[in-house]
Structure formats: structure tokens, C-alpha cells
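S.K.: So here's query07.tsv (TSV, C-alpha atoms (C1' of nucleotides)).
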```tsv
chain	number	residue	atom	x	y	z
Y	1	MET	CA	-23.52	-6.08	-9.00
Y	2	ASP	CA	-25.99	-6.16	-6.14
Y	3	LEU	CA	-23.86	-5.67	-3.07
Y	4	LEU	CA	-26.63	-6.72	-0.72
Y	5	LYS	CA	-26.78	-10.05	-2.49
Y	6	VAL	CA	-23.07	-10.41	-1.90
Y	7	TYR	CA	-23.56	-9.50	1.73
Y	8	ASN	CA	-26.40	-11.98	2.17
Y	9	ARG	CA	-24.44	-14.77	0.58
Y	10	LEU	CA	-21.47	-14.14	2.84
Y	11	TYR	CA	-23.66	-13.92	5.91
Y	12	GLU	CA	-25.42	-17.16	5.02
Y	13	ASP	CA	-22.14	-18.92	4.72
Y	14	PHE	CA	-20.09	-17.41	7.54
Y	15	GLY	CA	-22.69	-16.11	9.99
Y	16	PRO	CA	-22.21	-13.13	12.32
Y	17	GLN	CA	-18.57	-12.19	12.90
Y	18	HIS	CA	-18.98	-10.21	16.15
Y	19	TRP	CA	-16.52	-7.53	15.12
Y	20	TRP	CA	-14.29	-5.76	16.10
Y	21	PRO	CA	-12.50	-8.48	18.14
Y	22	ALA	CA	-12.15	-6.15	21.16
Y	23	ASP	CA	-14.22	-5.08	24.11
Y	24	SER	CA	-13.42	-1.41	24.38
Y	25	ALA	CA	-12.86	1.57	22.12
Y	26	PHE	CA	-9.29	1.72	23.36
Y	27	GLU	CA	-8.68	-1.85	22.29
Y	28	VAL	CA	-10.08	-1.13	18.83
Y	29	VAL	CA	-7.72	1.80	18.39
Y	30	LEU	CA	-4.82	-0.28	19.62
Y	31	GLY	CA	-5.57	-3.10	17.20
Y	32	ALA	CA	-6.30	-0.77	14.30
Y	33	VAL	CA	-2.80	0.67	14.47
Y	34	LEU	CA	-1.00	-2.59	15.12
Y	35	VAL	CA	-2.72	-4.53	12.35
Y	36	GLN	CA	-1.51	-2.27	9.54
Y	37	ASN	CA	-0.18	-4.59	6.84
Y	38	THR	CA	0.21	-7.33	9.42
Y	39	SER	CA	-1.59	-10.57	10.19
Y	40	TRP	CA	-4.01	-10.40	13.10
Y	41	ASN	CA	-2.27	-13.35	14.68
Y	42	ASN	CA	0.85	-11.25	15.21
Y	43	VAL	CA	-1.24	-8.44	16.65
Y	44	GLN	CA	-3.08	-10.70	19.08
Y	45	LYS	CA	0.18	-11.65	20.74
Y	46	CYS	CA	0.91	-7.99	21.50
Y	47	ILE	CA	-2.57	-7.34	22.82
Y	48	ASP	CA	-2.40	-10.38	25.10
Y	49	GLN	CA	0.97	-9.34	26.42
Y	50	LEU	CA	-0.06	-5.76	27.08
Y	51	ARG	CA	-3.16	-6.98	28.89
Y	52	ASP	CA	-1.14	-9.41	31.01
Y	53	GLU	CA	1.31	-6.68	31.94
Y	54	LYS	CA	-1.48	-4.27	32.84
Y	55	ILE	CA	-0.40	-1.82	30.17
Y	56	PHE	CA	-3.90	-1.71	28.83
Y	57	SER	CA	-5.25	1.82	28.79
Y	58	PRO	CA	-4.28	5.05	27.03
Y	59	GLU	CA	-2.81	6.33	30.32
Y	60	ALA	CA	-0.75	3.20	30.88
Y	61	ILE	CA	0.64	3.13	27.35
Y	62	LEU	CA	1.45	6.83	27.39
Y	63	SER	CA	3.20	6.45	30.73
Y	64	ILE	CA	5.97	4.18	29.44
Y	65	PRO	CA	8.85	5.29	27.20
Y	66	GLU	CA	8.37	4.87	23.48
Y	67	ASN	CA	11.30	2.49	23.12
Y	68	VAL	CA	9.89	0.27	25.87
Y	69	LEU	CA	6.49	0.29	24.19
Y	70	ALA	CA	8.17	-0.63	20.92
Y	71	GLU	CA	9.59	-3.79	22.46
Y	72	LYS	CA	6.19	-4.73	23.86
Y	73	ILE	CA	4.65	-4.61	20.39
Y	74	ARG	CA	7.57	-6.15	18.55
Y	75	SER	CA	5.64	-9.10	17.19
Y	76	SER	CA	3.27	-6.84	15.24
Y	77	GLY	CA	6.15	-5.77	12.98
Y	78	TYR	CA	7.18	-2.20	12.07
Y	79	TYR	CA	7.29	-1.81	15.80
Y	80	HIS	CA	9.29	1.42	16.00
Y	81	GLN	CA	6.84	3.17	13.69
Y	82	LYS	CA	3.85	1.68	15.40
Y	83	ALA	CA	5.01	2.66	18.88
Y	84	ARG	CA	5.17	6.27	17.81
Y	85	ARG	CA	1.92	6.10	15.89
Y	86	LEU	CA	0.14	4.52	18.81
Y	87	ARG	CA	1.34	7.24	21.14
Y	88	ASP	CA	0.25	9.92	18.69
Y	89	VAL	CA	-3.23	8.48	18.28
Y	90	LEU	CA	-3.80	7.87	21.98
Y	91	SER	CA	-2.47	11.33	22.79
Y	92	TYR	CA	-4.96	12.74	20.35
Y	93	PHE	CA	-7.86	11.03	22.12
Y	94	GLN	CA	-6.51	12.06	25.51
Y	95	GLN	CA	-6.33	15.73	24.67
Y	96	SER	CA	-9.39	15.73	22.47
Y	97	ALA	CA	-11.81	14.59	25.16
Y	98	GLY	CA	-9.72	13.72	28.16
Y	99	GLY	CA	-9.60	10.09	27.16
Y	100	ASP	CA	-13.38	9.90	27.07
Y	101	PHE	CA	-13.86	8.02	23.81
Y	102	ALA	CA	-17.64	8.24	23.89
Y	103	ARG	CA	-17.52	12.02	24.17
Y	104	CYS	CA	-14.98	12.21	21.40
Y	105	PHE	CA	-17.12	10.17	19.03
Y	106	SER	CA	-20.14	12.35	19.72
Y	107	ARG	CA	-18.46	15.22	17.88
Y	108	ASN	CA	-19.00	15.97	14.21
Y	109	PRO	CA	-18.00	12.72	12.42
Y	110	GLU	CA	-16.52	14.38	9.35
Y	111	THR	CA	-14.42	16.70	11.46
Y	112	LEU	CA	-13.29	13.80	13.59
Y	113	ARG	CA	-12.32	11.86	10.49
Y	114	GLN	CA	-10.25	14.75	9.16
Y	115	GLU	CA	-8.46	15.07	12.49
Y	116	LEU	CA	-7.67	11.37	12.56
Y	117	LEU	CA	-6.37	11.49	9.00
Y	118	ALA	CA	-4.09	14.36	9.98
Y	119	LEU	CA	-2.29	12.13	12.47
Y	120	ARG	CA	0.89	10.45	11.28
Y	121	GLY	CA	0.17	6.78	11.03
Y	122	VAL	CA	-3.55	7.07	10.40
Y	123	GLY	CA	-4.56	6.59	6.80
Y	124	PRO	CA	-8.10	6.13	5.49
Y	125	GLU	CA	-8.52	2.49	6.44
Y	126	THR	CA	-7.27	2.95	9.98
Y	127	ALA	CA	-9.39	6.07	10.43
Y	128	ASP	CA	-12.54	4.38	9.18
Y	129	SER	CA	-11.88	1.27	11.26
Y	130	ILE	CA	-11.67	3.43	14.36
Y	131	LEU	CA	-14.75	5.46	13.42
Y	132	LEU	CA	-16.85	2.39	12.62
Y	133	TYR	CA	-15.72	-0.11	15.20
Y	134	ALA	CA	-14.76	2.14	18.12
Y	135	GLY	CA	-17.19	4.98	17.44
Y	136	ASN	CA	-20.13	3.19	15.85
Y	137	LEU	CA	-20.15	5.76	13.09
Y	138	PRO	CA	-21.24	4.81	9.55
Y	139	PHE	CA	-18.00	4.83	7.55
Y	140	PHE	CA	-17.49	1.84	5.28
Y	141	VAL	CA	-14.04	0.32	5.70
Y	142	VAL	CA	-12.15	-0.60	2.53
Y	143	ASP	CA	-9.20	-2.94	2.85
Y	144	ALA	CA	-7.01	-5.13	0.67
Y	145	TYR	CA	-9.57	-7.95	0.71
Y	146	THR	CA	-12.35	-5.61	-0.36
Y	147	ARG	CA	-10.22	-4.36	-3.23
Y	148	ARG	CA	-9.27	-7.89	-4.24
Y	149	PHE	CA	-12.91	-8.92	-4.22
Y	150	LEU	CA	-13.84	-6.02	-6.51
Y	151	TYR	CA	-10.92	-6.71	-8.80
Y	152	ARG	CA	-11.54	-10.43	-9.13
Y	153	HIS	CA	-15.21	-9.95	-9.77
Y	154	HIS	CA	-14.59	-7.16	-12.28
Y	155	VAL	CA	-16.63	-4.62	-10.40
Y	156	ARG	CA	-16.26	-1.18	-11.88
Y	157	ILE	CA	-16.61	1.88	-9.72
Y	158	ASP	CA	-18.13	4.02	-12.45
Y	159	SER	CA	-19.09	3.60	-16.06
Y	160	LYS	CA	-16.23	5.57	-17.57
Y	161	GLY	CA	-14.05	2.70	-18.60
Y	162	GLN	CA	-11.70	2.53	-15.68
Y	163	PRO	CA	-8.82	0.10	-15.99
Y	164	ASP	CA	-9.46	-3.18	-14.22
Y	165	ASP	CA	-6.91	-2.44	-11.54
Y	166	PHE	CA	-8.50	0.84	-10.58
Y	167	VAL	CA	-9.68	-0.69	-7.31
Y	168	LEU	CA	-6.21	-1.92	-6.42
Y	169	GLN	CA	-4.65	1.54	-6.43
Y	170	SER	CA	-4.48	2.93	-2.92
Y	171	LYS	CA	-5.17	6.48	-4.10
Y	172	ASN	CA	-8.72	5.46	-4.95
Y	173	TYR	CA	-9.75	4.60	-1.40
Y	174	GLU	CA	-12.33	7.35	-1.16
Y	175	ARG	CA	-14.01	6.46	-4.43
Y	176	ILE	CA	-14.39	2.86	-3.33
Y	177	ARG	CA	-15.71	3.78	0.11
Y	178	LEU	CA	-18.35	6.04	-1.43
Y	179	PHE	CA	-19.18	3.35	-3.96
Y	180	PHE	CA	-20.26	1.11	-1.10
Y	181	GLU	CA	-21.88	3.86	0.94
Y	182	ARG	CA	-24.04	4.93	-1.96
Y	183	ARG	CA	-25.19	1.42	-2.75
Y	184	ILE	CA	-26.14	-0.04	0.60
Y	185	PRO	CA	-28.26	1.35	3.47
Y	186	ARG	CA	-26.40	3.69	5.82
Y	187	ASP	CA	-26.49	1.31	8.73
Y	188	VAL	CA	-23.68	0.88	11.21
Y	189	SER	CA	-24.48	-2.76	11.89
Y	190	LEU	CA	-24.50	-3.53	8.18
Y	191	TYR	CA	-21.18	-1.74	7.61
Y	192	ASN	CA	-19.76	-3.53	10.62
Y	193	GLU	CA	-20.79	-6.99	9.50
Y	194	PHE	CA	-20.06	-6.47	5.81
Y	195	HIS	CA	-16.44	-5.51	6.28
Y	196	ALA	CA	-15.92	-8.30	8.80
Y	197	LEU	CA	-17.34	-10.77	6.30
Y	198	PHE	CA	-15.01	-9.50	3.59
Y	199	VAL	CA	-12.07	-10.17	5.88
Y	200	GLU	CA	-13.32	-13.65	6.69
Y	201	LEU	CA	-13.81	-14.33	3.00
Y	202	GLY	CA	-10.37	-12.99	2.27
Y	203	LYS	CA	-8.60	-15.06	4.89
Y	204	LYS	CA	-10.20	-18.24	3.63
Y	205	TYR	CA	-10.49	-17.83	-0.11
Y	206	CYS	CA	-9.11	-14.55	-1.32
Y	207	ARG	CA	-5.49	-14.25	-0.31
Y	208	LYS	CA	-3.14	-12.71	-2.81
Y	209	THR	CA	-1.99	-15.96	-4.32
Y	210	SER	CA	-5.18	-17.97	-4.08
Y	211	PRO	CA	-7.31	-18.15	-7.20
Y	212	LEU	CA	-11.09	-18.06	-7.18
Y	213	CYS	CA	-12.12	-21.56	-6.31
Y	214	ASP	CA	-15.16	-23.78	-6.10
Y	215	GLN	CA	-15.26	-23.52	-2.31
Y	216	CYS	CA	-15.74	-19.75	-2.34
Y	217	PRO	CA	-19.27	-18.76	-1.32
Y	218	LEU	CA	-19.15	-16.04	-3.96
Y	219	ARG	CA	-18.43	-18.43	-6.83
Y	220	CYS	CA	-21.92	-17.67	-8.11
Y	221	PHE	CA	-20.76	-14.13	-8.86
Y	222	ASN	CA	-17.92	-15.28	-11.08
Y	223	HIS	CA	-18.07	-14.47	-14.74
V	1	DT	C1'	12.88	-20.83	1.35
V	2	DG	C1'	10.44	-16.70	-0.15
V	3	DC	C1'	6.10	-14.62	-0.03
V	4	DC	C1'	2.40	-12.75	2.45
V	5	DA	C1'	-0.35	-10.22	6.07
V	6	DG	C1'	-7.11	-6.42	7.97
V	7	DG	C1'	-1.19	0.23	5.50
V	8	DC	C1'	1.08	4.39	5.69
V	9	DC	C1'	4.71	7.87	5.17
V	10	DG	C1'	8.05	10.81	2.94
V	11	DG	C1'	11.01	11.92	-0.74
V	12	DG	C1'	11.50	12.19	-5.50
V	13	DT	C1'	9.55	13.00	-10.08
E	1	DA	C1'	-0.76	14.64	-8.39
E	2	DC	C1'	1.44	9.96	-8.67
E	3	DC	C1'	5.24	6.48	-7.73
E	4	DC	C1'	7.95	3.79	-4.87
E	5	DG	C1'	11.22	2.19	-1.21
E	6	DG	C1'	11.11	1.51	3.54
E	7	DC	C1'	9.21	-0.28	7.61
E	8	DA	C1'	9.67	-5.91	10.32
E	9	DT	C1'	7.66	-9.94	12.63
E	10	DG	C1'	5.70	-14.68	12.39
E	11	DG	C1'	3.25	-18.42	9.58
E	12	DC	C1'	3.00	-21.45	5.94
```
Is it possible to give me this structure as C-alpha cells?
M.R.:
Amino acid sequence: MDLLKVYNRLYEDFGPQHWWPADSAFEVVLGAVLVQNTSWNNVQKCIDQLRDEKIFSPEAILSIPENVLAEKIRSSGYYHQKARRLRDVLSYFQQSAGGDFARCFSRNPETLRQELLALRGVGPETADSILLYAGNLPFFVVDAYTRRFLYRHHVRIDSKGQPDDFVLQSKNYERIRLFFERRIPRDVSLYNEFHALFVELGKKYCRKTSPLCDQCPLRCFNH
DNA sequence: TGCCAGGCCGGGT
DNA sequence: ACCCGGCATGGC
């Protein structure tokens, strides 16, 4: 499958997505943690509330008790876990470069990625979302929609007769990320837009229970 | 009503 | 190295 053709078709149909829906690196990190296995709608409520209450910087969030923070982010679900995870991630950025995100992202990207992955609460998708959308670093983000797209279009990661559900298994994140990174130009803007388009596609036509349908802009790739 | 959402962790095999 | 239960709210 020609992934650039897929990209072009999605872009034709949906247009530019202007991702990540945030206007600072801090806000990207915040959203990346809160959105884990949660609808963005639930996350947006938390972000709005934190902004209204002026708890909208690493310093501000780290200055309030964890249990208070947890209540502020209740609507994002898993809020006890996420309060702790958020503190851990923001603490990392604070001590890594004094809260200077730009300086932090100017370090060695692979090292940075490993350090993010070492934090509790940061798995591969969250790490890559932060690296790509907060740091403008070329890491392709793989999410549930991306996996579902590959699965439903019978895309195989290699030629060695993988089972069809290879792409659905979370342990194979890295293989899928590299699959994309090897096949499309290493371009931050392209990675940015492509993932955003997959999410838009997913929300409209590729939810877990929705079948491939005639409305889907990728119907031409069906077999 | 029950299932789903832009995952990840930790304990048990 | 996998597998799997737990985490939790809001929308449809």
C-alpha cells in the first residue's frame, strides 16, 4: 500500500487539521497525558477548567496537592492515576531544563524519548505525541485508529506471514512506527498532519464498532 | 443500557 | 517475553 496515496486522499477530503489542538508545549503535554484511552471531549473540559482557574503552567500544577489536582481533572477519567502521571511528567521537564521546553527538545531526540518512556504513565504513544507535537521532532505517532486502519485494510508490516491482528497488539508499537517512518519522508509537518488525519478518519468512520462504509474516503483502498 | 474513547502499569505466568 | 485486570468519566 502506498501510504502517501492514503495521506493525500485523507488530506483532500478533510483538509489541514491544525494539530495539536493546543498553543503551547505545556498544553500538549497536559493533553497527551489526559487523553489516554479517553475521548478528547472529556479532556477539553479539564483543560478549560484549568485555564479558567489559572492553573495553567507546570509551576501552577506542581504547586497544588495531587489530590486537589485529581479533582480538577476528574472528567478525563482515571483521574487519580493521571494526576500523579501529570506531576511526574511536568516534574521531569522542570528538572530537565528548568521548565524550558524548547531547550529540553533541543537535546538528543532518542535520549529524550528513552527518558520519557522511563516515566510512569508515559508509554510509546504518549511519548511520541509529546515529541512530535510539543517538540516538533519526527516521531510518527501510532494510535488505536492507526492500528484499526491497518487491520481493516489488511496492511502487513512485513512479508513473513504475520497474523492479521499483528497490528492490533500493543507490543508491536515500535514495528508499526518504523513501518511508517521507513515508508514516508522524514518530515515533521507530514507526520503531524498524517496522524491528525488518521484521528479525524477514525472519529468519523473507523470507530471500533463501525464497519467500513461507502462514506469513508478510503473506500477505494478496500479489497 | 452497555459499550466506547487519541493507553499504560504491574503482577502473574 | 506475553497476558490481563484495573483504572473512571461522559456521550451516544
S.K.: How close does each residue of chain E get to chain Y, giving the shortest atom pair and distance in Å to one decimal for every residue with an atom at most 7 Å away, counting only C-alpha atoms (C1' of nucleotides), sorted by chain and residue number, as CSV?
M.R.:
```
residue,atom,partner,partner_atom,distance
E:DC7,C1',Y:Tyr78,CA,5.3
E:DA8,C1',Y:Gly77,CA,4.4
E:DT9,C1',Y:Gly77,CA,4.4
E:DG10,C1',Y:Asn42,CA,6.6
```
S.K.: Please identify all residues of chain Y having at least one atom at most 8 Å from any atom of chain V, considering only C-alpha atoms (C1' of nucleotides), and return them as a list in words.
M.R.: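 Selected residues: Val35, Gln36, Asn37, Thr38, Ser39, Trp40, Arg120, Gly121, Val122, Gly123, Glu125, Asp143, Ala144, Tyr145, Val199 and Lys208 of chain Y.
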S.K.: If you measure from CA of Ser91 (chain Y) to CA of Val33 (chain Y), what distance in Å do you get, rounded to one decimal?
M.R.: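 These two atoms are separated by 13.5 Å.
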S.K.: Report the distance between CA of Leu131 (chain Y) and CA of Pro109 (chain Y) in Å, rounded to one decimal place.
M.R.: 8.0 Å
S.K.: Please measure the separation of C1' of DC12 (chain E) and CA of Pro211 (chain Y), giving the value in Å to one decimal.
M.R.: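 CA of Pro211 (chain Y) lies at a distance of 17.0 Å from C1' of DC12 (chain E).
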S.K.: Reconstruct N, CA and C atoms of region 39-55 of chain Y; output as a short mmCIF file (atom, residue, chain, number, x, y, z; two decimals), in the frame of the given file.
M.R.:
```
data_model
loop_
_atom_site.label_atom_id
_atom_site.label_comp_id
_atom_site.auth_asym_id
_atom_site.auth_seq_id
_atom_site.Cartn_x
_atom_site.Cartn_y
_atom_site.Cartn_z
N SER Y 39 -0.56 -9.57 9.89
CA SER Y 39 -1.59 -10.57 10.19
C SER Y 39 -2.11 -10.37 11.61
N TRP Y 40 -3.40 -10.61 11.79
CA TRP Y 40 -4.01 -10.40 13.10
C TRP Y 40 -3.37 -11.28 14.17
N ASN Y 41 -2.93 -12.44 13.75
CA ASN Y 41 -2.27 -13.35 14.68
C ASN Y 41 -1.08 -12.68 15.38
N ASN Y 42 -0.29 -11.94 14.63
CA ASN Y 42 0.85 -11.25 15.21
C ASN Y 42 0.41 -10.14 16.16
N VAL Y 43 -0.72 -9.53 15.83
CA VAL Y 43 -1.24 -8.44 16.65
C VAL Y 43 -1.79 -8.98 17.97
N GLN Y 44 -2.45 -10.11 17.89
CA GLN Y 44 -3.08 -10.70 19.08
C GLN Y 44 -2.05 -10.98 20.17
N LYS Y 45 -0.88 -11.40 19.76
CA LYS Y 45 0.18 -11.65 20.74
C LYS Y 45 0.49 -10.39 21.55
N CYS Y 46 0.60 -9.27 20.83
CA CYS Y 46 0.91 -7.99 21.50
C CYS Y 46 -0.20 -7.60 22.46
N ILE Y 47 -1.43 -7.74 21.99
CA ILE Y 47 -2.57 -7.34 22.82
C ILE Y 47 -2.62 -8.19 24.09
N ASP Y 48 -2.40 -9.48 23.94
CA ASP Y 48 -2.40 -10.38 25.10
C ASP Y 48 -1.32 -9.98 26.09
N GLN Y 49 -0.15 -9.69 25.54
CA GLN Y 49 0.97 -9.34 26.42
C GLN Y 49 0.72 -8.03 27.16
N LEU Y 50 0.22 -7.05 26.44
CA LEU Y 50 -0.06 -5.76 27.08
C LEU Y 50 -1.13 -5.92 28.17
N ARG Y 51 -2.11 -6.75 27.89
CA ARG Y 51 -3.16 -6.98 28.89
C ARG Y 51 -2.58 -7.66 30.13
N ASP Y 52 -1.77 -8.68 29.89
CA ASP Y 52 -1.14 -9.41 31.01
C ASP Y 52 -0.29 -8.48 31.86
N GLU Y 53 0.41 -7.57 31.20
CA GLU Y 53 1.31 -6.68 31.94
C GLU Y 53 0.62 -5.43 32.44
N LYS Y 54 -0.69 -5.41 32.32
CA LYS Y 54 -1.48 -4.27 32.84
C LYS Y 54 -1.11 -2.95 32.18
N ILE Y 55 -0.66 -3.04 30.93
CA ILE Y 55 -0.40 -1.82 30.17
C ILE Y 55 -1.53 -1.71 29.17
#
```
